[in-house]
Amino acid sequence: MSEQTKAEKFRGIYLVGFSGSGKSTVARLVGEMLKWPFCDLDELIIERSSLPIPIIFQRLGEPGFRSLETEALRAASGSEPFVVATGGGTVARPENRVFMSSKGWIICLEGQPQTLLARIEHQLKESDPKAIRPMLDAVYPLDQIRALKHTRQPAYSLADWTVHTDRLTLEEVAAEVVRAVHMLEKSQEPPGSEGPSGAPMRHSLNPDLPPPILVAAGPWPYYVVVEWNHLNSLGQQVRRVLPQVRRAAILADAHAWQRLGNTVRDSLCSQGLDVHVREVSPGEAIKTSEEVNAIHDWLLGIPLRRDDAFLIIGGGAIDDVGGFAASTYMRGVALIKIPTSLEGMVDTSIGGKTALNHPRARNLIGTFFHPRLVWADASLLRGEPKDGLRSEWAEVVKYAMLESSLLREQVSGITLFDQVKQNVDALIGLEKKILLNVIARCVALKAQVVAGDERDSGQYRIFLNYGHTIGHALEAATSYQLLHGDAVAIGMAIESRLAVRLGLAGPEVEVQQNDLLTRFGLPTRLPPISLELLLERINYDKKVFGDAPRWILPVAIGRAVVSSAVSEADLIAVLKEYSA
């Protein structure tokens with residue numbers, strides 16, 4: 001095969017893998033073998049920024065470095081064949097993986113931790129004595145390599161091909177990469193997992209119920225089970241997840257416990273658990289350190305041990321404060337969640353966020369602590385306060401406005417927005433089949449996001465804050481008298497208007513979204529409030545980076561972007577437009 005033919009046929013090559021796997025040298029060797037241009041991504045970042053990488057980290061932190069890395073990755077990926085040696089963490093970023101898959105073959109250079117450490121040590125001896133080797137800047141370098149490699153392994157496993165480099169010379173590794181690319185070019189696309197209708201494959205034994213949804217995040221993966229009238233089997237599931245459990249401490253919404261208490265207690269007692277219950281009144285007022293101390297005192301009085309279970313029954317504020325208490329009691333006790341609110345089922349019970357309020361901002365204090373199981377019984381929504389349930393549809397509309405951005409791929413079949421739009425009356429009426437389907441779709445989106453950006457580092461999970469920059473500020477400015485869902489709905493209306501004003505979206509995006517919000521009975525206008533106070537609360541938002549809030553702005557139905565380019569003048573103008 002001539003070099004010209006190769007150049008016309010081959011896609012680009014991205015070498016991924018841990019530090020010490022030989023990516024830079026192998027990229028050069030492969031480039032020389034194929035007569036293709038090659039580059040090292042770290043060197044390109046240094047060239048484009050005129051700064052050493054340690055200085056970039058010092059000045060911009062890891063999020064700033066990752067943004068520069070993504071920009072350099074796109075610059076290195078031309079229309080002609082190329083070879084790029086990526087950084088060790090490049091492929092861990094979801095948008096980088098999607099982009100690389102669209103432009104070339106991803107080849108992972110794999111190595112055992114001991115091999116990688118030996119290579120890094122050798123590189124250090126051969127380099128400038130002042131060179132920084134982060135992998136060796138540790139008390140136990142080998143253990144650090146093992147730990148960091150473990151966190152990246154799921155991303156490495158998605159490569160098109162893996163070359164195990166431990167017993168190979170660099171020249172042999174390069175030859176294996178070229179051989180792999182030849183074979184990949186001749187291979188057929190793998191079969192898709194969807195049928196002609198575009199409907200996803202189903203694995204549930206009951207076609208009327210969605211299958212359990214796995215959340216692959218945190219120290220343990222866990223399932224979210226969305227069903228109908230299945231509380232009586234809770235005890236069996238708790239025993240399955242926690243075989244050694246002896247006691248169950250239940251923090252429960254007092255109203256919910258009146259309805260569910262007997263069923264839950266009987267189910268747990270049937271598995272031999274000693275059950276203890278603390279009832280609390282729902283509402284943002286309980287999200288305080290004083291309430292956490294009271295919960296800790298109660299747990300100590302039981303006493304609850306680390307091999308016991310802590311259960312939360314309720315939604316919203318109880319989930320936030322209960323999760324915080326569970327994460328800090330004895331440095332963490334096994335947590336089971338039984339959300340009773342729509343918001344809890346589709347959002348707050350999943351992903352491990354816990355929170356307390358501060359006088360200056362909502363949810364400013366918190367931890368990340370994942371449950372072991374989320375047991376969502378959608379039939380419980382029939383007993384929820386009507387006004388609270390009405391406000392919580394804002395979270396479902398939020399997911400519908402973000403679906404494509406959260407999936408990072410084309411949506412097959414009917415979009416969530418269209419499904420919700422076509423079934424508003426049935427959803428408000430809590431019709432079983434459509435309700436379960438929509439809740440499960442929202443849960444699956446949240447699970448995807450949490451797996452891709454577990455600790456909300458600003459790469460991916462930040463999209464879920466659509467409407468919340470304004471919403472949280474509104475809640476704080478009104479002393480939490482405004483329902484959370486109502487505040488978020490108003491936030492989405494304002495943020496969609498900002499997108500239109502900045503030319504990021506057409507007016508139809510704002511109109512369609514606000515029409516759907518209105519059909520669920522949600523507000524889209526600001527209540528009477530001081531704009532000065534509201535602006536002050538916006539600047540306390542957790543998503544402020546540097547001095548500028550980061551806004552999630554819709555660019556189309558189902559897609560959004562993250563932007564810090566909203567000026568205070570534009571914000572004030574839109575706030576005035578949306579004032580009551």
# chains A, B, ... in the order shown; residues from 1 in each chain; ligands from 1
$ residues_around --residues "stretch 320-334 of chain A" --least-positions-apart "4" --cutoff "9 Å" --atoms "only C-alpha atoms" --output "PyMOL selection string"
chain A and resi 242+251+286-289+291-293+295-296+299-300+304-312+315-316+348-349+352-356+363+366-372
$ residues_around --residues "A:Glu495" --least-positions-apart "6" --cutoff "10 Å" --atoms "only C-alpha atoms" --output "list in words"
Tyr466, Gly467, His468, Thr469, Ile470, Ala489, Arg501, Glu510, Trp551, Ile552, Leu553, Pro554, Leu571, Val574 and Leu575 of chain A
$ residues_around --residues "A:Gly89" --least-positions-apart "2" --cutoff "10 Å" --atoms "only C-alpha atoms" --output "list in words"
Val16, Gly17, Phe18, Ser19, Arg66, Glu69, Thr86, Gly87, Val91, Ala92, Arg93, Leu148, Lys149, Thr151, Arg152, Ala155 and Tyr156 of chain A
$ residues_around --residues "stretch 426-434 of chain A" --least-positions-apart "6" --cutoff "12 Å" --atoms "only C-alpha atoms" --output "JSON list (two decimals) with N, CA, C and O atoms, in the first residue's frame"
[["chain", "number", "residue", "atom", "x", "y", "z"],
["A", 206, "ASN", "N", -40.65, -7.52, 33.65],
["A", 206, "ASN", "CA", -41.98, -6.92, 33.53],
["A", 206, "ASN", "C", -41.91, -5.76, 32.55],
["A", 206, "ASN", "O", -41.30, -4.74, 32.85],
["A", 207, "PRO", "N", -42.52, -5.88, 31.37],
["A", 207, "PRO", "CA", -42.41, -4.82, 30.36],
["A", 207, "PRO", "C", -43.04, -3.50, 30.80],
["A", 207, "PRO", "O", -42.78, -2.47, 30.19],
["A", 208, "ASP", "N", -43.88, -3.53, 31.84],
["A", 208, "ASP", "CA", -44.51, -2.30, 32.31],
["A", 208, "ASP", "C", -43.64, -1.54, 33.32],
["A", 208, "ASP", "O", -44.01, -0.45, 33.75],
["A", 209, "LEU", "N", -42.53, -2.13, 33.72],
["A", 209, "LEU", "CA", -41.67, -1.49, 34.70],
["A", 209, "LEU", "C", -40.29, -1.24, 34.09],
["A", 209, "LEU", "O", -39.76, -2.09, 33.37],
["A", 210, "PRO", "N", -39.68, -0.09, 34.37],
["A", 210, "PRO", "CA", -38.33, 0.16, 33.87],
["A", 210, "PRO", "C", -37.33, -0.72, 34.61],
["A", 210, "PRO", "O", -37.53, -1.06, 35.78],
["A", 226, "VAL", "N", -36.86, 1.98, 40.23],
["A", 226, "VAL", "CA", -38.07, 2.78, 40.07],
["A", 226, "VAL", "C", -39.21, 1.82, 39.77],
["A", 226, "VAL", "O", -39.27, 1.23, 38.69],
["A", 227, "GLU", "N", -40.11, 1.67, 40.73],
["A", 227, "GLU", "CA", -41.25, 0.77, 40.52],
["A", 227, "GLU", "C", -42.51, 1.39, 41.11],
["A", 227, "GLU", "O", -42.55, 2.59, 41.41],
["A", 228, "TRP", "N", -43.54, 0.57, 41.26],
["A", 228, "TRP", "CA", -44.85, 1.03, 41.69],
["A", 228, "TRP", "C", -45.35, 0.14, 42.81],
["A", 228, "TRP", "O", -45.48, -1.07, 42.64],
["A", 229, "ASN", "N", -45.59, 0.73, 43.98],
["A", 229, "ASN", "CA", -46.18, 0.01, 45.12],
["A", 229, "ASN", "C", -45.33, -1.20, 45.52],
["A", 229, "ASN", "O", -45.82, -2.33, 45.63],
["A", 342, "LEU", "N", -41.13, 13.85, 43.98],
["A", 342, "LEU", "CA", -40.70, 13.72, 42.59],
["A", 342, "LEU", "C", -39.25, 14.23, 42.44],
["A", 342, "LEU", "O", -38.43, 13.60, 41.77],
["A", 377, "ASP", "N", -40.48, 4.42, 44.90],
["A", 377, "ASP", "CA", -41.84, 3.93, 44.67],
["A", 377, "ASP", "C", -42.69, 5.08, 44.15],
["A", 377, "ASP", "O", -43.11, 5.94, 44.92],
["A", 378, "ALA", "N", -42.94, 5.11, 42.84],
["A", 378, "ALA", "CA", -43.64, 6.25, 42.23],
["A", 378, "ALA", "C", -45.08, 6.37, 42.71],
["A", 378, "ALA", "O", -45.66, 7.45, 42.64],
["A", 379, "SER", "N", -45.66, 5.29, 43.24],
["A", 379, "SER", "CA", -47.04, 5.38, 43.73],
["A", 379, "SER", "C", -47.14, 6.30, 44.93],
["A", 379, "SER", "O", -48.22, 6.82, 45.25],
["A", 380, "LEU", "N", -46.00, 6.56, 45.62],
["A", 380, "LEU", "CA", -46.02, 7.42, 46.79],
["A", 380, "LEU", "C", -46.34, 8.87, 46.43],
["A", 380, "LEU", "O", -46.74, 9.65, 47.30],
["A", 381, "LEU", "N", -46.16, 9.24, 45.18],
["A", 381, "LEU", "CA", -46.44, 10.62, 44.78],
["A", 381, "LEU", "C", -47.91, 10.96, 44.93],
["A", 381, "LEU", "O", -48.27, 12.14, 45.01],
["A", 382, "ARG", "N", -48.77, 9.94, 44.98],
["A", 382, "ARG", "CA", -50.20, 10.21, 45.14],
["A", 382, "ARG", "C", -50.52, 10.82, 46.50],
["A", 382, "ARG", "O", -51.55, 11.47, 46.67],
["A", 383, "GLY", "N", -49.61, 10.65, 47.47],
["A", 383, "GLY", "CA", -49.84, 11.21, 48.80],
["A", 383, "GLY", "C", -49.07, 12.47, 49.07],
["A", 383, "GLY", "O", -49.10, 12.99, 50.20],
["A", 384, "GLU", "N", -48.35, 12.99, 48.07],
["A", 384, "GLU", "CA", -47.56, 14.20, 48.26],
["A", 384, "GLU", "C", -48.44, 15.45, 48.22],
["A", 384, "GLU", "O", -49.46, 15.48, 47.50],
["A", 386, "LYS", "N", -50.09, 18.66, 47.02],
["A", 386, "LYS", "CA", -50.29, 19.00, 45.61],
["A", 386, "LYS", "C", -49.42, 20.17, 45.17],
["A", 386, "LYS", "O", -48.88, 20.16, 44.06],
["A", 387, "ASP", "N", -49.27, 21.20, 46.01],
["A", 387, "ASP", "CA", -48.49, 22.35, 45.58],
["A", 387, "ASP", "C", -47.02, 21.99, 45.47],
["A", 387, "ASP", "O", -46.31, 22.43, 44.55],
["A", 389, "LEU", "N", -45.78, 18.95, 44.80],
["A", 389, "LEU", "CA", -45.62, 18.12, 43.62],
["A", 389, "LEU", "C", -45.66, 18.97, 42.35],
["A", 389, "LEU", "O", -44.87, 18.75, 41.42],
["A", 390, "ARG", "N", -46.56, 19.94, 42.31],
["A", 390, "ARG", "CA", -46.63, 20.83, 41.15],
["A", 390, "ARG", "C", -45.29, 21.51, 40.90],
["A", 390, "ARG", "O", -44.80, 21.55, 39.76],
["A", 391, "SER", "N", -44.66, 21.99, 41.95],
["A", 391, "SER", "CA", -43.41, 22.73, 41.78],
["A", 391, "SER", "C", -42.28, 21.81, 41.32],
["A", 391, "SER", "O", -41.33, 22.26, 40.64],
["A", 392, "GLU", "N", -42.35, 20.53, 41.66],
["A", 392, "GLU", "CA", -41.25, 19.62, 41.36],
["A", 392, "GLU", "C", -41.18, 19.20, 39.90],
["A", 392, "GLU", "O", -40.17, 18.63, 39.46],
["A", 393, "TRP", "N", -42.23, 19.47, 39.12],
["A", 393, "TRP", "CA", -42.15, 19.16, 37.69],
["A", 393, "TRP", "C", -41.09, 20.02, 37.01],
["A", 393, "TRP", "O", -40.65, 19.72, 35.89],
["A", 396, "VAL", "N", -38.14, 17.91, 36.07],
["A", 396, "VAL", "CA", -38.35, 17.07, 34.87],
["A", 396, "VAL", "C", -38.18, 17.92, 33.61],
["A", 396, "VAL", "O", -37.53, 17.49, 32.64],
["A", 397, "VAL", "N", -38.74, 19.13, 33.61],
["A", 397, "VAL", "CA", -38.56, 20.03, 32.46],
["A", 397, "VAL", "C", -37.08, 20.35, 32.28],
["A", 397, "VAL", "O", -36.57, 20.43, 31.15],
["A", 416, "LEU", "N", -37.01, 13.33, 25.26],
["A", 416, "LEU", "CA", -37.69, 13.47, 26.55],
["A", 416, "LEU", "C", -38.59, 14.70, 26.54],
["A", 416, "LEU", "O", -39.71, 14.67, 27.08],
["A", 419, "GLN", "N", -41.72, 13.81, 24.71],
["A", 419, "GLN", "CA", -42.51, 12.85, 25.48],
["A", 419, "GLN", "C", -43.25, 13.54, 26.62],
["A", 419, "GLN", "O", -44.43, 13.26, 26.87],
["A", 420, "VAL", "N", -42.54, 14.42, 27.33],
["A", 420, "VAL", "CA", -43.19, 15.16, 28.42],
["A", 420, "VAL", "C", -44.26, 16.09, 27.87],
["A", 420, "VAL", "O", -45.38, 16.16, 28.40],
["A", 440, "ALA", "N", -37.79, 7.19, 35.10],
["A", 440, "ALA", "CA", -36.61, 6.36, 34.80],
["A", 440, "ALA", "C", -35.68, 7.06, 33.82],
["A", 440, "ALA", "O", -34.45, 6.96, 33.95],
["A", 441, "ARG", "N", -36.22, 7.78, 32.83],
["A", 441, "ARG", "CA", -35.37, 8.49, 31.88],
["A", 441, "ARG", "C", -34.58, 9.60, 32.60],
["A", 441, "ARG", "O", -33.39, 9.79, 32.33],
["A", 519, "ARG", "N", -47.72, 24.99, 31.50],
["A", 519, "ARG", "CA", -48.69, 23.89, 31.47],
["A", 519, "ARG", "C", -48.64, 23.05, 32.74],
["A", 519, "ARG", "O", -49.63, 22.45, 33.14],
["A", 520, "PHE", "N", -47.47, 23.01, 33.39],
["A", 520, "PHE", "CA", -47.36, 22.30, 34.68],
["A", 520, "PHE", "C", -47.74, 23.20, 35.86],
["A", 520, "PHE", "O", -47.64, 22.78, 37.01],
["A", 521, "GLY", "N", -48.16, 24.43, 35.57],
["A", 521, "GLY", "CA", -48.54, 25.35, 36.64],
["A", 521, "GLY", "C", -47.38, 26.02, 37.32],
["A", 521, "GLY", "O", -47.50, 26.49, 38.46]]
$ residues_around --residues "A:Ser101" --least-positions-apart "6" --cutoff "10 Å" --atoms "only C-alpha atoms" --output "list in words"
Gly12, Ile13, Tyr14, Glu95, Leu158, Ala159 and Asp160 of chain A
$ select_by_dssp --residues "stretch 81-187 of chain A" --states "helix (DSSP H, G or I)" --output "count of residues only"
63
$ atom_distance --atom1 "atom CA of A:Val238" --atom2 "atom CA of A:Pro221"
14.9 Å
$ residues_around --residues "A:Leu402" --least-positions-apart "5" --cutoff "8 Å" --atoms "only C-alpha atoms" --output "ChimeraX atom specification"
/A:463-464,554,557-560
$ closest_residue --among "A:Gln481, A:Asn465, A:Thr524, A:Asn232" --to "A:Ile494" --atoms "only C-alpha atoms"
A:Thr524
$ select_by_dssp --residues "stretch 161-357 of chain A" --states "strand (DSSP E)" --output "PyMOL selection string"
chain A and resi 161-164+213-215+222-227+247-253+274-280+309-314+334-339+356-357
$ atom_distance --atom1 "atom CA of A:Val163" --atom2 "atom CA of A:Trp105"
13.1 Å
$ atom_distance --atom1 "atom CA of A:Leu435" --atom2 "atom CA of A:Val411"
19.6 Å
$ closest_residue --among "A:Lys186, A:Gln237, A:Arg259, A:Gly78" --to "A:Pro37" --atoms "only C-alpha atoms"
A:Gly78
$ decode --residues "stretch 448-461 of chain A" --atoms "all heavy atoms" --output "mmCIF file, in the first residue's frame"
data_model
loop_
_atom_site.group_PDB
_atom_site.id
_atom_site.type_symbol
_atom_site.label_atom_id
_atom_site.label_comp_id
_atom_site.auth_asym_id
_atom_site.auth_seq_id
_atom_site.Cartn_x
_atom_site.Cartn_y
_atom_site.Cartn_z
ATOM 1 N N GLN A 448 -25.898 8.965 34.347
ATOM 2 C CA GLN A 448 -24.863 9.179 33.341
ATOM 3 C C GLN A 448 -23.967 10.356 33.734
ATOM 4 O O GLN A 448 -22.744 10.298 33.614
ATOM 5 C CB GLN A 448 -25.544 9.463 31.995
ATOM 6 C CG GLN A 448 -24.631 9.878 30.863
ATOM 7 C CD GLN A 448 -24.062 8.697 30.115
ATOM 8 O OE1 GLN A 448 -24.330 7.561 30.463
ATOM 9 N NE2 GLN A 448 -23.268 8.955 29.098
ATOM 10 N N VAL A 449 -24.588 11.416 34.192
ATOM 11 C CA VAL A 449 -23.836 12.615 34.558
ATOM 12 C C VAL A 449 -22.956 12.359 35.773
ATOM 13 O O VAL A 449 -21.785 12.750 35.806
ATOM 14 C CB VAL A 449 -24.811 13.777 34.839
ATOM 15 C CG1 VAL A 449 -24.075 14.966 35.422
ATOM 16 C CG2 VAL A 449 -25.518 14.185 33.558
ATOM 17 N N VAL A 450 -23.511 11.711 36.779
ATOM 18 C CA VAL A 450 -22.757 11.459 38.005
ATOM 19 C C VAL A 450 -21.541 10.577 37.709
ATOM 20 O O VAL A 450 -20.445 10.810 38.236
ATOM 21 C CB VAL A 450 -23.669 10.795 39.061
ATOM 22 C CG1 VAL A 450 -22.859 10.309 40.254
ATOM 23 C CG2 VAL A 450 -24.735 11.778 39.523
ATOM 24 N N ALA A 451 -21.709 9.578 36.851
ATOM 25 C CA ALA A 451 -20.592 8.702 36.503
ATOM 26 C C ALA A 451 -19.495 9.474 35.771
ATOM 27 O O ALA A 451 -18.311 9.170 35.920
ATOM 28 C CB ALA A 451 -21.083 7.540 35.643
ATOM 29 N N GLY A 452 -19.877 10.491 34.980
ATOM 30 C CA GLY A 452 -18.908 11.254 34.205
ATOM 31 C C GLY A 452 -18.254 12.395 34.957
ATOM 32 O O GLY A 452 -17.175 12.858 34.569
ATOM 33 N N ASP A 453 -18.891 12.863 36.021
ATOM 34 C CA ASP A 453 -18.354 14.032 36.754
ATOM 35 C C ASP A 453 -18.858 13.947 38.188
ATOM 36 O O ASP A 453 -19.648 14.758 38.641
ATOM 37 C CB ASP A 453 -18.816 15.323 36.077
ATOM 38 C CG ASP A 453 -18.210 16.581 36.694
ATOM 39 O OD1 ASP A 453 -17.269 16.454 37.495
ATOM 40 O OD2 ASP A 453 -18.687 17.679 36.379
ATOM 41 N N GLU A 454 -18.362 12.947 38.898
ATOM 42 C CA GLU A 454 -18.919 12.608 40.210
ATOM 43 C C GLU A 454 -18.900 13.766 41.193
ATOM 44 O O GLU A 454 -19.868 14.013 41.901
ATOM 45 C CB GLU A 454 -18.150 11.424 40.795
ATOM 46 C CG GLU A 454 -18.639 11.017 42.170
ATOM 47 C CD GLU A 454 -17.699 10.043 42.860
ATOM 48 O OE1 GLU A 454 -16.745 9.570 42.214
ATOM 49 O OE2 GLU A 454 -17.919 9.773 44.047
ATOM 50 N N ARG A 455 -17.805 14.510 41.238
ATOM 51 C CA ARG A 455 -17.647 15.523 42.272
ATOM 52 C C ARG A 455 -17.929 16.935 41.769
ATOM 53 O O ARG A 455 -17.478 17.922 42.355
ATOM 54 C CB ARG A 455 -16.253 15.429 42.897
ATOM 55 C CG ARG A 455 -16.014 14.084 43.574
ATOM 56 C CD ARG A 455 -14.711 14.060 44.328
ATOM 57 N NE ARG A 455 -14.741 14.913 45.501
ATOM 58 C CZ ARG A 455 -15.256 14.560 46.682
ATOM 59 N NH1 ARG A 455 -15.800 13.365 46.841
ATOM 60 N NH2 ARG A 455 -15.237 15.391 47.694
ATOM 61 N N ASP A 456 -18.677 17.023 40.688
ATOM 62 C CA ASP A 456 -19.134 18.324 40.180
ATOM 63 C C ASP A 456 -17.955 19.266 39.975
ATOM 64 O O ASP A 456 -17.947 20.407 40.443
ATOM 65 C CB ASP A 456 -20.133 18.930 41.167
ATOM 66 C CG ASP A 456 -21.017 19.990 40.505
ATOM 67 O OD1 ASP A 456 -20.863 20.221 39.285
ATOM 68 O OD2 ASP A 456 -21.863 20.577 41.199
ATOM 69 N N SER A 457 -16.949 18.767 39.232
ATOM 70 C CA SER A 457 -15.727 19.541 39.031
ATOM 71 C C SER A 457 -15.880 20.603 37.945
ATOM 72 O O SER A 457 -14.925 21.311 37.638
ATOM 73 C CB SER A 457 -14.570 18.608 38.667
ATOM 74 O OG SER A 457 -14.820 17.939 37.449
ATOM 75 N N GLY A 458 -17.068 20.707 37.363
ATOM 76 C CA GLY A 458 -17.302 21.743 36.368
ATOM 77 C C GLY A 458 -17.165 21.267 34.943
ATOM 78 O O GLY A 458 -17.324 22.037 34.001
ATOM 79 N N GLN A 459 -16.917 19.967 34.737
ATOM 80 C CA GLN A 459 -16.765 19.447 33.396
ATOM 81 C C GLN A 459 -18.094 19.029 32.781
ATOM 82 O O GLN A 459 -18.276 19.103 31.574
ATOM 83 C CB GLN A 459 -15.829 18.230 33.415
ATOM 84 C CG GLN A 459 -14.427 18.545 33.922
ATOM 85 C CD GLN A 459 -13.571 17.286 33.961
ATOM 86 O OE1 GLN A 459 -13.895 16.287 33.341
ATOM 87 N NE2 GLN A 459 -12.475 17.331 34.681
ATOM 88 N N TYR A 460 -19.034 18.559 33.598
ATOM 89 C CA TYR A 460 -20.186 17.844 33.060
ATOM 90 C C TYR A 460 -21.427 18.033 33.942
ATOM 91 O O TYR A 460 -22.479 18.446 33.485
ATOM 92 C CB TYR A 460 -19.793 16.373 32.973
ATOM 93 C CG TYR A 460 -20.668 15.478 32.122
ATOM 94 C CD1 TYR A 460 -21.591 15.976 31.230
ATOM 95 C CD2 TYR A 460 -20.531 14.092 32.212
ATOM 96 C CE1 TYR A 460 -22.364 15.122 30.470
ATOM 97 C CE2 TYR A 460 -21.293 13.231 31.450
ATOM 98 C CZ TYR A 460 -22.213 13.747 30.576
ATOM 99 O OH TYR A 460 -22.983 12.906 29.822
ATOM 100 N N ARG A 461 -21.265 17.758 35.231
ATOM 101 C CA ARG A 461 -22.395 17.783 36.145
ATOM 102 C C ARG A 461 -22.973 19.182 36.312
ATOM 103 O O ARG A 461 -24.129 19.342 36.701
ATOM 104 C CB ARG A 461 -21.949 17.229 37.505
ATOM 105 C CG ARG A 461 -23.087 16.887 38.447
ATOM 106 C CD ARG A 461 -22.559 16.037 39.595
ATOM 107 N NE ARG A 461 -23.590 15.729 40.560
ATOM 108 C CZ ARG A 461 -23.449 14.864 41.560
ATOM 109 N NH1 ARG A 461 -22.300 14.208 41.704
ATOM 110 N NH2 ARG A 461 -24.421 14.631 42.403
#
